[in-house]
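Single-structure report; data block below.
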Amino acid sequence: MKSKVRAELEGVLGADFALEKPKDKNLAHYATPAAFGLAKTLRKAPKIIAEELATKFENSELFEASAVNGYLNLKLKGAFLNAAASDALAADAKFGAKTQANPQKIYIEYISANPTGPLHIGHVRGAVYGDSLARVGAHLGHDIFTEYYINDAGNQIDLLGVSVSLRAREALFGESVEYPEKYYRGEYIDEIAKDALEKFGKEIFYDEKRNLELANFAKDIVLDVIKKDLKDANIEIESWASEKSFYPQLEPTIERLKKSGEMYEKEGSVYIASTKRGDDNDRVVVRSDGRPTYLAGDAVYHAHKFAQDFDRYINIWGADHHGYIARLKALIHFLGYDDEKLEVILMQMVSLLKEGKPFKMSKRAGTSVLMSDINAEIGADALRYIFISKANTSSLEFDIDELKRQDASNPVFYINYAHARVNQIFAKAGKSVADVAGADISNLNDDAKNLLFEALTMPEVLEDAFSSRQLHKIADYLKSLSASFHKFYNENRVVGSENEDALLKLFAVVALSIRTALSLLGITAKERMEH
């Protein structure tokens, strides 16, 4: 709708104008302050310009134009809204979907947690955000590729093997052991130790030369757990990239960096001059003992990514990685790529409560609240909704008990109830969507037209949420549309009214918008509510 309205306005106003949505839909569905921008050029008051502009749209088939205090207000006509409703219902699950002539190729890397333990609450927000961003982007016609970068090389993998070995000797063989200051613990380590004993025998826990073998065995088990946890939350990742698999390209990548002239040696270590690209300090890429740093691994991985020539590369990280952005962009630039193509989205911290108190950490994790624990408590739909319901730039705190309530205080219940209620109304009327798809909505009252307008703006919400990367706008929209629907239904008789078919068609569009938007958040709309 918005694109059609904008196209008609452009024919008169030109391309440089804003198109807004007033809060009061009774006043207008869209408005533009274009007259204020034209005032200086035309040497007239905005009020007069707006009044003159309004007369130029007297024959518009899309909207009625009026001037109010210098604004050009546009109220969509019933026939236009009716046609848009019919198009939406015909599109069904593809409502709001686009076919781009030149789709953006977008490479989204997210989660990428170390494969040393199950996913915990700190990973969930990025997981849900990344998956939802990919879904919305694909719906809007972009070419989306998703990847999980497996950090399966380095000290953390060695430590995983040591942790399993020591825990096996303590728990299985009754020995007294001394753990490193930082080690992996929890019931999942016990389970891995038992599996390793069955597969390899007791000797592997005492042979330091086999620590890497044990570590890789443990890592593979953890990866299977991670994949299961993600699948349980309806998250599918297209590619799983192993850090270790890129190591043959380490030396060639270091050589490329050296040729950039932005590397130097200091006290035996090799640095990149990342301060030239906005970093606080120059960073070590190769340590004095010849071991590559984590940054070196990222150089290889991002060289691999950027060689594939995507339009955008999106990395979704935790907020504690903020300081890492400048050095990574410097690396990409020194490798000869356009670092402006890299977009880093940071996820702020999450606090989880139960009955108003901090949620207890899992024994299976040892130190964290597990993603699987939250999923078991509230279900995948509520998990996904709550983690996308607030801007990623803000911290998130929620009480899981609120998401179990079967009333309007629970936003997931409230939205699903709107969708299920529409199905209930159709069942009561004994009709299907196909039965009312040809009904004429154009003569319904303003309240009905305003509800229809709100339902039909779903594609605009998707576009805005994706382009701004503010996916919480979809959750906000769902709450608002559901509230508008519940209010309208409570104030109007539908089944048995003279406008029954038209109102049912209106409700079908509302349900379609809710169902489609929820699906793009990875949530299946409920057909009926179970109490």
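Ligands are numbered from 1 in the order shown, chains are lettered A, B, ... in the order of the structure tokens, and residues start at 1 in each chain.
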
Legend entry - Residues of region 306-401 of chain A in helix (DSSP H, G or I), written as a PyMOL selection string: chain A and resi 306+319-334+339-341+371-378+380-388

Legend entry - Expected answer as a VMD selection string: strand (DSSP E) residues in region 121-326 of chain A: chain A and resid 143 to 150 239 to 242 263 to 266 269 to 272 283 to 286 312 to 318

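Reported to one decimal place, the separation of CA of Arg125 (chain A) from CA of Tyr188 (chain A) is 22.5 Å.
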
Inset, instruction - Fewer than 6 positions away in the same chain doesn't count, so skip those; otherwise give me all residues within 6 Å of region 66-81 of chain A, counting only C-alpha atoms, as a list of chain:residue names. - result: A:Ala28, A:His29, A:Tyr30, A:Ala31, A:Thr32, A:Pro33, A:Pro46, A:Lys47, A:Ala50, A:Glu51, A:Ala54, A:Ser442

Inset, instruction - With a distance cut-off of 10 Å and only C-alpha atoms, select the neighbouring residues of Asn26 (chain A), excluding the residue or stretch itself and same-chain residues fewer than 2 positions from it, and output the selection as a ChimeraX atom specification. - result: /A:22-24,28-29,75,446-447,449-450

Residues near Asp311 (chain A), cut-off 9 Å, only C-alpha atoms, skip fewer than 3 positions along chain, as a PDB file with all heavy atoms, in the first residue's frame:
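File out-v1.pdb, as written:
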ATOM      1  N   GLN A 104      19.800  -8.543  -2.421  1.00  0.00           N
ATOM      2  CA  GLN A 104      21.047  -8.429  -1.679  1.00  0.00           C
ATOM      3  C   GLN A 104      21.513  -9.809  -1.253  1.00  0.00           C
ATOM      4  O   GLN A 104      20.726 -10.618  -0.756  1.00  0.00           O
ATOM      5  CB  GLN A 104      20.852  -7.573  -0.427  1.00  0.00           C
ATOM      6  CG  GLN A 104      21.085  -6.098  -0.625  1.00  0.00           C
ATOM      7  CD  GLN A 104      21.315  -5.408   0.722  1.00  0.00           C
ATOM      8  OE1 GLN A 104      20.614  -5.659   1.692  1.00  0.00           O
ATOM      9  NE2 GLN A 104      22.293  -4.542   0.772  1.00  0.00           N
ATOM     10  N   LYS A 105      22.786 -10.077  -1.438  1.00  0.00           N
ATOM     11  CA  LYS A 105      23.382 -11.310  -0.923  1.00  0.00           C
ATOM     12  C   LYS A 105      23.923 -10.993   0.468  1.00  0.00           C
ATOM     13  O   LYS A 105      24.818 -10.161   0.610  1.00  0.00           O
ATOM     14  CB  LYS A 105      24.502 -11.794  -1.834  1.00  0.00           C
ATOM     15  CG  LYS A 105      24.044 -12.345  -3.171  1.00  0.00           C
ATOM     16  CD  LYS A 105      25.246 -12.818  -3.992  1.00  0.00           C
ATOM     17  CE  LYS A 105      25.969 -13.968  -3.323  1.00  0.00           C
ATOM     18  NZ  LYS A 105      27.154 -14.410  -4.099  1.00  0.00           N
ATOM     19  N   ILE A 106      23.366 -11.650   1.473  1.00  0.00           N
ATOM     20  CA  ILE A 106      23.700 -11.328   2.856  1.00  0.00           C
ATOM     21  C   ILE A 106      24.170 -12.583   3.591  1.00  0.00           C
ATOM     22  O   ILE A 106      23.493 -13.608   3.604  1.00  0.00           O
ATOM     23  CB  ILE A 106      22.498 -10.714   3.594  1.00  0.00           C
ATOM     24  CG1 ILE A 106      21.998  -9.477   2.836  1.00  0.00           C
ATOM     25  CG2 ILE A 106      22.866 -10.347   5.029  1.00  0.00           C
ATOM     26  CD1 ILE A 106      20.737  -8.863   3.405  1.00  0.00           C
ATOM     27  N   TYR A 107      25.336 -12.482   4.194  1.00  0.00           N
ATOM     28  CA  TYR A 107      25.998 -13.575   4.910  1.00  0.00           C
ATOM     29  C   TYR A 107      25.837 -13.292   6.409  1.00  0.00           C
ATOM     30  O   TYR A 107      26.423 -12.358   6.930  1.00  0.00           O
ATOM     31  CB  TYR A 107      27.476 -13.556   4.520  1.00  0.00           C
ATOM     32  CG  TYR A 107      28.309 -14.783   4.753  1.00  0.00           C
ATOM     33  CD1 TYR A 107      29.030 -15.345   3.693  1.00  0.00           C
ATOM     34  CD2 TYR A 107      28.453 -15.357   6.004  1.00  0.00           C
ATOM     35  CE1 TYR A 107      29.847 -16.450   3.870  1.00  0.00           C
ATOM     36  CE2 TYR A 107      29.265 -16.466   6.192  1.00  0.00           C
ATOM     37  CZ  TYR A 107      29.960 -17.007   5.123  1.00  0.00           C
ATOM     38  OH  TYR A 107      30.782 -18.099   5.306  1.00  0.00           O
ATOM     39  N   LYS A 341      31.421  -3.367   4.328  1.00  0.00           N
ATOM     40  CA  LYS A 341      30.437  -4.421   4.092  1.00  0.00           C
ATOM     41  C   LYS A 341      30.166  -5.232   5.347  1.00  0.00           C
ATOM     42  O   LYS A 341      29.190  -5.983   5.399  1.00  0.00           O
ATOM     43  CB  LYS A 341      30.917  -5.365   2.981  1.00  0.00           C
ATOM     44  CG  LYS A 341      30.853  -4.779   1.576  1.00  0.00           C
ATOM     45  CD  LYS A 341      31.216  -5.849   0.555  1.00  0.00           C
ATOM     46  CE  LYS A 341      31.037  -5.346  -0.870  1.00  0.00           C
ATOM     47  NZ  LYS A 341      31.309  -6.418  -1.855  1.00  0.00           N
TER      48      LYS A 341
END

Inset, instruction - Calculate how many Å separate CA of Arg135 (chain A) from CA of Leu520 (chain A), rounding to one decimal. - result: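 One can read the CA of Arg135 (chain A) to CA of Leu520 (chain A) distance as 5.5 Å.
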
Inset, instruction - Check the smallest atom-to-atom distance from each of A:Ala439, A:Val461, A:Leu370, A:Ala218 to Ile121 (chain A) using only C-alpha atoms, then report the winner. - result: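 Ranked by minimum distance to Ile121 (chain A), first place goes to A:Leu370.
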
Inset, instruction - Using only C-alpha atoms, determine which residues lie at most 9 Å from Glu236 (chain A), disregarding the query and same-chain residues fewer than 2 positions distant; provide the list as a PyMOL selection string. - result: chain A and resi 131+146+227+230-231+233-234+238

Which residues of region 303-405 of chain A have any atom within 9 Å of an atom in region 473-487 of chain A when counting only C-alpha atoms, and what is the closest pair of atoms for each, with the distance in Å to one decimal? Order the rows by chain and rising number and write it as a Markdown table.
| residue | atom | partner | partner_atom | distance |
| --- | --- | --- | --- | --- |
| A:Tyr385 | CA | A:Ala475 | CA | 7.3 |
| A:Ile386 | CA | A:Ala475 | CA | 8.8 |
| A:Ile388 | CA | A:Ala475 | CA | 7.0 |
| A:Ser389 | CA | A:Ala475 | CA | 5.4 |
| A:Lys390 | CA | A:Ala475 | CA | 8.2 |
| A:Ala391 | CA | A:Lys473 | CA | 8.2 |

Just write the chosen residues, C-alpha atoms, as a compact mmCIF listing (two decimals), in the first residue's frame.
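Once everything was written out, this is selection_19.txt:
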# COMPACT_ATOMS: atom_id res chain seq x y z
CA TYR A 385 9.00 -14.16 21.25
CA ILE A 386 10.44 -12.80 24.49
CA ILE A 388 12.93 -10.70 20.11
CA SER A 389 10.45 -8.46 21.96
CA LYS A 390 12.92 -5.78 23.00
CA ALA A 391 15.57 -3.85 21.06

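Taking CA of His472 (chain A) and CA of Leu456 (chain A) as the two end points, the separation is 18.5 Å.
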
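Here the question is which of A:Gly278, A:Pro252, A:Pro103, A:Gly186 gets nearest to Ala171 (chain A) using only C-alpha atoms, and that residue is A:Gly186.
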
Inset, instruction - Go through A:Ile48, A:Gly117, A:Thr55, A:Glu243 and flag the residue nearest Asp224 (chain A), using only C-alpha atoms for the distances. - result: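 Of A:Ile48, A:Gly117, A:Thr55, A:Glu243, the one nearest Asp224 (chain A), counting only C-alpha atoms, is A:Gly117.
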
Inset, instruction - Considering only C-alpha atoms, state which residue in the set A:Lys25, A:Glu58, A:Leu444, A:Val433 is at the smallest distance from Glu498 (chain A). - result: A:Leu444

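Distances here use only C-alpha atoms; by that measure, the residue among A:Asn315, A:Asn82, A:Lys305, A:Phe310 closest to Ala448 (chain A) is A:Asn82.
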
List the spatial neighbours of Tyr271 (chain A) as a PDB file with N, CA, C and O atoms, in the first residue's frame - criterion: any atom at most 10 Å away, only C-alpha atoms, same-chain residues fewer than 2 positions off excluded.
ATOM      1  N   LYS A 258      50.999  -9.114   5.596  1.00  0.00           N
ATOM      2  CA  LYS A 258      52.337  -8.502   5.569  1.00  0.00           C
ATOM      3  C   LYS A 258      52.510  -7.621   4.330  1.00  0.00           C
ATOM      4  O   LYS A 258      53.113  -6.542   4.386  1.00  0.00           O
ATOM      5  N   GLU A 262      50.995  -3.106   6.753  1.00  0.00           N
ATOM      6  CA  GLU A 262      50.410  -2.690   8.029  1.00  0.00           C
ATOM      7  C   GLU A 262      50.688  -3.684   9.155  1.00  0.00           C
ATOM      8  O   GLU A 262      49.971  -3.736  10.138  1.00  0.00           O
ATOM      9  N   MET A 263      51.745  -4.486   8.979  1.00  0.00           N
ATOM     10  CA  MET A 263      52.167  -5.413  10.022  1.00  0.00           C
ATOM     11  C   MET A 263      53.605  -5.111  10.414  1.00  0.00           C
ATOM     12  O   MET A 263      54.404  -4.636   9.608  1.00  0.00           O
ATOM     13  N   TYR A 264      53.915  -5.357  11.670  1.00  0.00           N
ATOM     14  CA  TYR A 264      55.291  -5.147  12.140  1.00  0.00           C
ATOM     15  C   TYR A 264      55.567  -6.075  13.315  1.00  0.00           C
ATOM     16  O   TYR A 264      54.658  -6.610  13.945  1.00  0.00           O
ATOM     17  N   GLU A 265      56.868  -6.266  13.572  1.00  0.00           N
ATOM     18  CA  GLU A 265      57.286  -7.111  14.687  1.00  0.00           C
ATOM     19  C   GLU A 265      57.705  -6.255  15.875  1.00  0.00           C
ATOM     20  O   GLU A 265      58.296  -5.191  15.709  1.00  0.00           O
ATOM     21  N   LYS A 266      57.382  -6.743  17.061  1.00  0.00           N
ATOM     22  CA  LYS A 266      57.774  -6.062  18.289  1.00  0.00           C
ATOM     23  C   LYS A 266      57.956  -7.110  19.380  1.00  0.00           C
ATOM     24  O   LYS A 266      57.015  -7.859  19.675  1.00  0.00           O
ATOM     25  N   GLY A 268      59.357  -9.861  19.280  1.00  0.00           N
ATOM     26  CA  GLY A 268      59.147 -11.209  18.778  1.00  0.00           C
ATOM     27  C   GLY A 268      57.743 -11.512  18.324  1.00  0.00           C
ATOM     28  O   GLY A 268      57.495 -12.523  17.660  1.00  0.00           O
ATOM     29  N   SER A 269      56.777 -10.652  18.660  1.00  0.00           N
ATOM     30  CA  SER A 269      55.390 -10.860  18.237  1.00  0.00           C
ATOM     31  C   SER A 269      55.085 -10.056  16.982  1.00  0.00           C
ATOM     32  O   SER A 269      55.735  -9.034  16.712  1.00  0.00           O
ATOM     33  N   ALA A 273      48.731  -2.861  12.523  1.00  0.00           N
ATOM     34  CA  ALA A 273      48.620  -1.454  12.930  1.00  0.00           C
ATOM     35  C   ALA A 273      47.143  -1.035  12.928  1.00  0.00           C
ATOM     36  O   ALA A 273      46.722  -0.143  12.195  1.00  0.00           O
ATOM     37  N   SER A 274      46.364  -1.677  13.768  1.00  0.00           N
ATOM     38  CA  SER A 274      44.917  -1.447  13.761  1.00  0.00           C
ATOM     39  C   SER A 274      44.535  -0.069  14.287  1.00  0.00           C
ATOM     40  O   SER A 274      43.413   0.390  14.060  1.00  0.00           O
ATOM     41  N   ASN A 281      44.443   0.115  20.382  1.00  0.00           N
ATOM     42  CA  ASN A 281      45.828  -0.351  20.380  1.00  0.00           C
ATOM     43  C   ASN A 281      46.064  -1.217  19.157  1.00  0.00           C
ATOM     44  O   ASN A 281      45.132  -1.798  18.606  1.00  0.00           O
ATOM     45  N   ASP A 282      47.337  -1.304  18.750  1.00  0.00           N
ATOM     46  CA  ASP A 282      47.687  -2.283  17.733  1.00  0.00           C
ATOM     47  C   ASP A 282      47.572  -3.670  18.356  1.00  0.00           C
ATOM     48  O   ASP A 282      47.779  -3.845  19.559  1.00  0.00           O
ATOM     49  N   ARG A 283      47.254  -4.673  17.531  1.00  0.00           N
ATOM     50  CA  ARG A 283      46.937  -5.985  18.065  1.00  0.00           C
ATOM     51  C   ARG A 283      47.891  -7.075  17.583  1.00  0.00           C
ATOM     52  O   ARG A 283      48.340  -7.067  16.430  1.00  0.00           O
ATOM     53  N   VAL A 284      48.154  -8.021  18.481  1.00  0.00           N
ATOM     54  CA  VAL A 284      49.032  -9.150  18.153  1.00  0.00           C
ATOM     55  C   VAL A 284      48.255 -10.148  17.301  1.00  0.00           C
ATOM     56  O   VAL A 284      47.131 -10.524  17.646  1.00  0.00           O
ATOM     57  N   VAL A 285      48.882 -10.580  16.217  1.00  0.00           N
ATOM     58  CA  VAL A 285      48.296 -11.598  15.354  1.00  0.00           C
ATOM     59  C   VAL A 285      49.016 -12.931  15.545  1.00  0.00           C
ATOM     60  O   VAL A 285      48.396 -13.987  15.558  1.00  0.00           O
ATOM     61  N   VAL A 286      50.358 -12.858  15.694  1.00  0.00           N
ATOM     62  CA  VAL A 286      51.154 -14.060  15.962  1.00  0.00           C
ATOM     63  C   VAL A 286      52.008 -13.792  17.192  1.00  0.00           C
ATOM     64  O   VAL A 286      52.759 -12.812  17.236  1.00  0.00           O
ATOM     65  N   ARG A 287      51.889 -14.658  18.182  1.00  0.00           N
ATOM     66  CA  ARG A 287      52.641 -14.494  19.422  1.00  0.00           C
ATOM     67  C   ARG A 287      54.130 -14.750  19.199  1.00  0.00           C
ATOM     68  O   ARG A 287      54.532 -15.318  18.172  1.00  0.00           O
TER      69      ARG A 287
END
